[in-house]
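Input: a single structure, listed below in structure tokens.
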Amino acid sequence: MEETLQIPAHVALILDGNGRWAKKRGLPRQMGHKKGCETLEQVVEDAARLGIKYLTVYGFSTENWSRPGDEVSALMQLFRYYAKRLLKVAAEHGLRIRMIGERSRFAPDLVEAINRLEEETKDNTNLNFVIAVNYGGRDEITRAVRRVMDDCMAGRLKKEDMTEQTFASYLDTAGLPDPDLLIRTSGELRLSNYLLWQLAYTELYVTDCLWPDFNREELITAIRHYNRRERRFGGVEARTEQSPQK
Ligand code: IPE
Ligand code: IPE
Ligand code: MG
């Protein structure tokens with residue numbers, strides 16, 4: 001019998017384990033990141049084919065700056081390369097690309113490439129591919145609070161108008177639905193400062209598979225696990241809607 005999978009609309013990914021993948025092979029960590037990027041390109045294509053509407057991946061955290069300088073430089077070089085390459089990939093697969101995170105810390109040419117990528121793909125309607133770079137959940141919330149304060153002080157926002165929805169509109173993810181499923185590779189059971197607000201009712205799935213080894217089969221296995229979950233959103237029965245009911 002053919003299997004019917006209920007495809008989650010929004011999948012968030014913590015692609016972890018590039019370093020361990022390289023170490024296992026006696027290679028420098030950078031080689032793990034390079035292979036990890038190739039895996040990601042394939043997985044984005046698979047996700048689009050499966051009918052996933054939003055894929056949000058954690059590419060570089062606000063804490064990742066504390067890694068050795070040569071690893072950080074190698075990661076920046078990879079972003080630079082993919083910022084260009086993704087223009088072609090996005091056109092081929094109808095991807096709309098969006099970056100979340102604080103981008104002013106990047107070199108001006110990289111910021112320009114990111115802006116161009118968002119601008120040139122904004123009318124694509126297939127998969128929304130969201131990339132978190134220099135992203136931290138606490139940093140995102142702190143920046144949002146600053147903008148809320150600006151708007152309050154300028155008289156554009158009244159205290160009584162602040163609701164969960166209003167606050168969410170100040171986050172980097174404004175306009176995106178909350179993730180339905182979070183997949184973390186490489187077995188670590190933590191969020192590492194990822195999407196702290198948005199993951200409130202997301203189903204969590206952790207696999208021991210190292211990110212560079214991840215593939216379509218692994219993605220389908222994660223979705224199968226998701227399909228067996230009963231999402232209750234604080235109630236007593238399974239519900240299918242996206243957000244917790246108030
Ligand atoms: C994830 O792989 C990629 C980034 C954080 C940029 P890691 O580099 O964290 O790999 P491990 O966890 O050391 O194996
Ligand atoms: C989370 O992975 C960040 C990304 C995948 C970009 P880390 O490898 O940085 O997280 P920790 O250090 O294991 O918590
Ligand atoms: Mg890691």
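By convention in this document, the chains of the structure tokens carry letters A, B, ... by their order, each chain's residues are numbered from 1, and ligands are numbered from 1 in the order they are shown.
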
Closest contacts (chain A/ligand 1, max 6 Å, only C-alpha atoms and all ligand atoms) as a tab-separated table:
```
residue	atom	partner	partner_atom_place_in_ligand_line	distance
A:Leu15	CA	ligand 1	1 (C)	5.4
A:Asp16	CA	ligand 1	1 (C)	3.7
A:Gly17	CA	ligand 1	14 (O)	3.2
A:Asn18	CA	ligand 1	2 (O)	3.9
A:Gly19	CA	ligand 1	14 (O)	3.6
A:Arg20	CA	ligand 1	14 (O)	3.7
A:Gly59	CA	ligand 1	6 (C)	5.5
A:Phe60	CA	ligand 1	6 (C)	4.9
```

For ligand 3, collect every residue having any atom at a distance of at most 12 Å from a ligand atom (counting only C-alpha atoms and all ligand atoms); output as a PyMOL selection string. chain A and resi 14-22+29+32-33+36+58-61+63-64+67+184-192+210-211

Write a file of the selected residues as a short mmCIF file (atom, residue, chain, number, x, y, z; two decimals), in the first residue's frame, keeping C-alpha atoms.
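Okay, this is what ended up in part.cif:
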```cif
data_model
loop_
_atom_site.label_atom_id
_atom_site.label_comp_id
_atom_site.auth_asym_id
_atom_site.auth_seq_id
_atom_site.Cartn_x
_atom_site.Cartn_y
_atom_site.Cartn_z
CA ILE A 14 19.50 22.63 13.16
CA LEU A 15 22.12 21.24 10.83
CA ASP A 16 24.69 20.05 13.31
CA GLY A 17 27.64 17.64 13.09
CA ASN A 18 29.78 18.98 10.25
CA GLY A 19 32.83 19.04 12.52
CA ARG A 20 32.30 15.48 13.77
CA TRP A 21 31.77 14.25 10.20
CA ALA A 22 35.13 15.73 9.19
CA ARG A 29 36.38 20.93 10.13
CA GLY A 32 32.68 19.16 6.97
CA HIS A 33 31.10 22.57 6.37
CA GLY A 36 27.31 20.19 4.75
CA TYR A 58 20.37 27.41 11.24
CA GLY A 59 23.54 28.31 9.37
CA PHE A 60 25.52 30.35 11.89
CA SER A 61 24.63 31.35 15.43
CA GLU A 63 27.66 32.21 19.50
CA ASN A 64 29.53 30.69 16.53
CA ARG A 67 35.05 29.50 17.04
CA ARG A 184 18.25 18.48 14.83
CA THR A 185 20.99 16.26 13.45
CA SER A 186 23.93 14.76 15.39
CA GLY A 187 22.05 13.82 18.52
CA GLU A 188 22.35 16.91 20.71
CA LEU A 189 19.23 17.47 22.83
CA ARG A 190 19.24 21.27 22.99
CA LEU A 191 17.99 24.32 21.10
CA SER A 192 21.31 26.24 21.04
CA LEU A 210 25.54 13.78 11.14
CA TRP A 211 24.40 16.67 8.94
#
```

In Å, with one decimal, what is the gap from CA of Leu40 in chain A to CA of Glu230 in chain A?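 Computing it gives 28.7 Å between the two atoms.
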
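For the set A:Val111, A:Val43, A:Leu195, A:Ile141, the residue with the smallest atom-to-atom gap to ligand 2 is A:Leu195, counting only C-alpha atoms and all ligand atoms.
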
Tell me which of A:Glu218, A:Asp151, A:Asp178, A:Glu237 sits closest to Ala9 in chain A, counting only C-alpha atoms.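 Under the stated criterion, the closest residue is A:Asp178.
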
Gap from CA of His93 in chain A to atom 7 (P, counted along the ligand's line) of ligand 2 - Å, one decimal: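 Spanning CA of His93 in chain A to atom 7 (P, counted along the ligand's line) of ligand 2 is a straight-line distance of 28.7 Å.
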
As an exercise, work out the distance from CA of Gly69 in chain A to CA of Asn134 in chain A in Å and give it to one decimal place.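 CA of Asn134 in chain A lies 15.2 Å from CA of Gly69 in chain A.
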
Shell of 7 Å around range 170-177 of chain A, only C-alpha atoms, local chain residues under 2 positions omitted, as a VMD selection string: chain A and resid 100 to 101 140 to 141 144 167 to 168 179

Selected residues written out with C-alpha atoms, as a compact mmCIF listing (two decimals), in the first residue's frame:
```
# COMPACT_ATOMS: atom_id res chain seq x y z
CA ILE A 100 17.02 36.04 9.51
CA GLY A 101 19.58 37.23 12.05
CA GLU A 140 16.32 38.49 17.93
CA ILE A 141 14.02 39.10 20.91
CA ALA A 144 12.60 43.31 18.68
CA PHE A 167 5.21 41.19 19.22
CA ALA A 168 5.75 38.43 16.64
CA PRO A 179 7.58 25.73 12.59
```

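If only C-alpha atoms and all ligand atoms are the atoms counted, then among A:Ser169, A:Met31, A:Ala222, A:Leu13 the closest residue to ligand 2 is A:Leu13.
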
Of A:Tyr201, A:Tyr135, A:Tyr54, A:Phe233, the one sitting nearest ligand 2 when using only C-alpha atoms and all ligand atoms is A:Tyr135

Which of range 23-83 of chain A end up as strand (DSSP E) when DSSP is run on this backbone - answer as a PyMOL selection string? chain A and resi 54-61

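For the residues A:Val57, A:Glu119, A:Val145, A:Arg49, ranking by smallest atom-to-atom distance to ligand 2 using only C-alpha atoms and all ligand atoms places A:Val57 first.
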
Of A:Gly155, A:Gly136, A:Pro68, A:Pro212, the one sitting nearest ligand 2 when using only C-alpha atoms and all ligand atoms is A:Gly136

List the spatial neighbours of Leu117 in chain A as a list in words - criterion: any atom at most 10 Å away, only C-alpha atoms, same-chain residues fewer than 6 positions off excluded.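 What passes the distance filter is Ala83, Lys84, Arg85, Leu86, Leu87, Lys88, Ala90, Arg96, Ile97, Arg98, Met99 and Val111 of chain A.
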
Grab the residues selected above and save them as a tab-separated table (two decimals), in the first residue's frame with all heavy atoms.
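Final output, saved to part-v1.tsv:
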```tsv
chain	number	residue	atom	x	y	z
A	83	ALA	N	25.79	32.69	-1.46
A	83	ALA	CA	24.92	33.84	-1.69
A	83	ALA	C	24.78	34.05	-3.21
A	83	ALA	O	23.71	34.43	-3.70
A	83	ALA	CB	25.48	35.08	-1.02
A	84	LYS	N	25.83	33.76	-3.96
A	84	LYS	CA	25.77	33.89	-5.42
A	84	LYS	C	25.11	32.66	-6.04
A	84	LYS	O	24.21	32.76	-6.86
A	84	LYS	CB	27.19	34.05	-5.99
A	84	LYS	CG	27.82	35.35	-5.60
A	84	LYS	CD	28.58	35.98	-6.77
A	84	LYS	CE	29.02	37.39	-6.41
A	84	LYS	NZ	30.06	37.39	-5.33
A	85	ARG	N	25.58	31.50	-5.63
A	85	ARG	CA	25.09	30.25	-6.21
A	85	ARG	C	23.58	30.08	-6.02
A	85	ARG	O	22.88	29.56	-6.88
A	85	ARG	CB	25.85	29.07	-5.59
A	85	ARG	CG	25.39	27.76	-6.11
A	85	ARG	CD	26.30	26.60	-5.83
A	85	ARG	NE	25.62	25.39	-6.22
A	85	ARG	CZ	25.57	24.96	-7.47
A	85	ARG	NH1	26.18	25.62	-8.43
A	85	ARG	NH2	24.89	23.87	-7.76
A	86	LEU	N	23.10	30.55	-4.85
A	86	LEU	CA	21.68	30.37	-4.56
A	86	LEU	C	20.76	31.12	-5.52
A	86	LEU	O	19.60	30.76	-5.68
A	86	LEU	CB	21.38	30.77	-3.11
A	86	LEU	CG	21.65	29.69	-2.05
A	86	LEU	CD1	21.41	30.26	-0.65
A	86	LEU	CD2	20.74	28.46	-2.25
A	87	LEU	N	21.30	32.15	-6.18
A	87	LEU	CA	20.49	32.88	-7.16
A	87	LEU	C	20.04	31.92	-8.26
A	87	LEU	O	18.88	31.92	-8.69
A	87	LEU	CB	21.31	34.00	-7.81
A	87	LEU	CG	21.46	35.30	-7.03
A	87	LEU	CD1	22.46	36.21	-7.71
A	87	LEU	CD2	20.11	36.01	-6.88
A	88	LYS	N	20.97	31.07	-8.67
A	88	LYS	CA	20.70	30.10	-9.73
A	88	LYS	C	19.77	28.97	-9.21
A	88	LYS	O	18.79	28.62	-9.86
A	88	LYS	CB	22.06	29.51	-10.19
A	88	LYS	CG	21.97	28.61	-11.38
A	88	LYS	CD	23.38	28.25	-11.86
A	88	LYS	CE	23.41	26.86	-12.45
A	88	LYS	NZ	23.65	25.78	-11.51
A	90	ALA	N	17.73	29.09	-6.73
A	90	ALA	CA	16.40	29.64	-6.45
A	90	ALA	C	15.59	29.77	-7.73
A	90	ALA	O	14.39	29.46	-7.76
A	90	ALA	CB	16.54	30.99	-5.76
A	96	ARG	N	11.89	31.12	-2.70
A	96	ARG	CA	11.97	32.48	-2.16
A	96	ARG	C	12.93	32.43	-0.98
A	96	ARG	O	12.71	31.67	-0.03
A	96	ARG	CB	10.59	32.95	-1.71
A	96	ARG	CG	10.67	34.33	-1.13
A	96	ARG	CD	9.34	34.91	-0.81
A	96	ARG	NE	9.56	36.23	-0.25
A	96	ARG	CZ	8.60	37.03	0.17
A	96	ARG	NH1	7.36	36.65	0.10
A	96	ARG	NH2	8.90	38.20	0.68
A	97	ILE	N	13.97	33.24	-1.04
A	97	ILE	CA	14.99	33.17	0.02
A	97	ILE	C	14.91	34.37	0.95
A	97	ILE	O	14.72	35.51	0.51
A	97	ILE	CB	16.39	33.03	-0.61
A	97	ILE	CG1	16.42	31.72	-1.42
A	97	ILE	CG2	17.49	33.02	0.46
A	97	ILE	CD1	17.68	31.41	-2.13
A	98	ARG	N	15.05	34.06	2.21
A	98	ARG	CA	15.01	35.12	3.22
A	98	ARG	C	16.05	34.81	4.28
A	98	ARG	O	16.23	33.66	4.65
A	98	ARG	CB	13.60	35.09	3.81
A	98	ARG	CG	13.28	36.25	4.67
A	98	ARG	CD	11.78	36.33	4.79
A	98	ARG	NE	11.47	36.79	6.12
A	98	ARG	CZ	10.26	37.07	6.55
A	98	ARG	NH1	9.22	36.88	5.77
A	98	ARG	NH2	10.06	37.51	7.77
A	99	MET	N	16.75	35.84	4.75
A	99	MET	CA	17.73	35.64	5.82
A	99	MET	C	17.16	36.22	7.12
A	99	MET	O	16.58	37.31	7.11
A	99	MET	CB	19.03	36.40	5.51
A	99	MET	CG	19.67	35.96	4.22
A	99	MET	SD	20.69	34.50	4.49
A	99	MET	CE	21.21	34.19	2.82
A	111	VAL	N	26.61	41.51	2.81
A	111	VAL	CA	25.29	42.10	3.10
A	111	VAL	C	24.59	42.43	1.78
A	111	VAL	O	23.40	42.15	1.59
A	111	VAL	CB	25.43	43.38	3.98
A	111	VAL	CG1	24.08	44.05	4.20
A	111	VAL	CG2	26.08	43.04	5.32
```
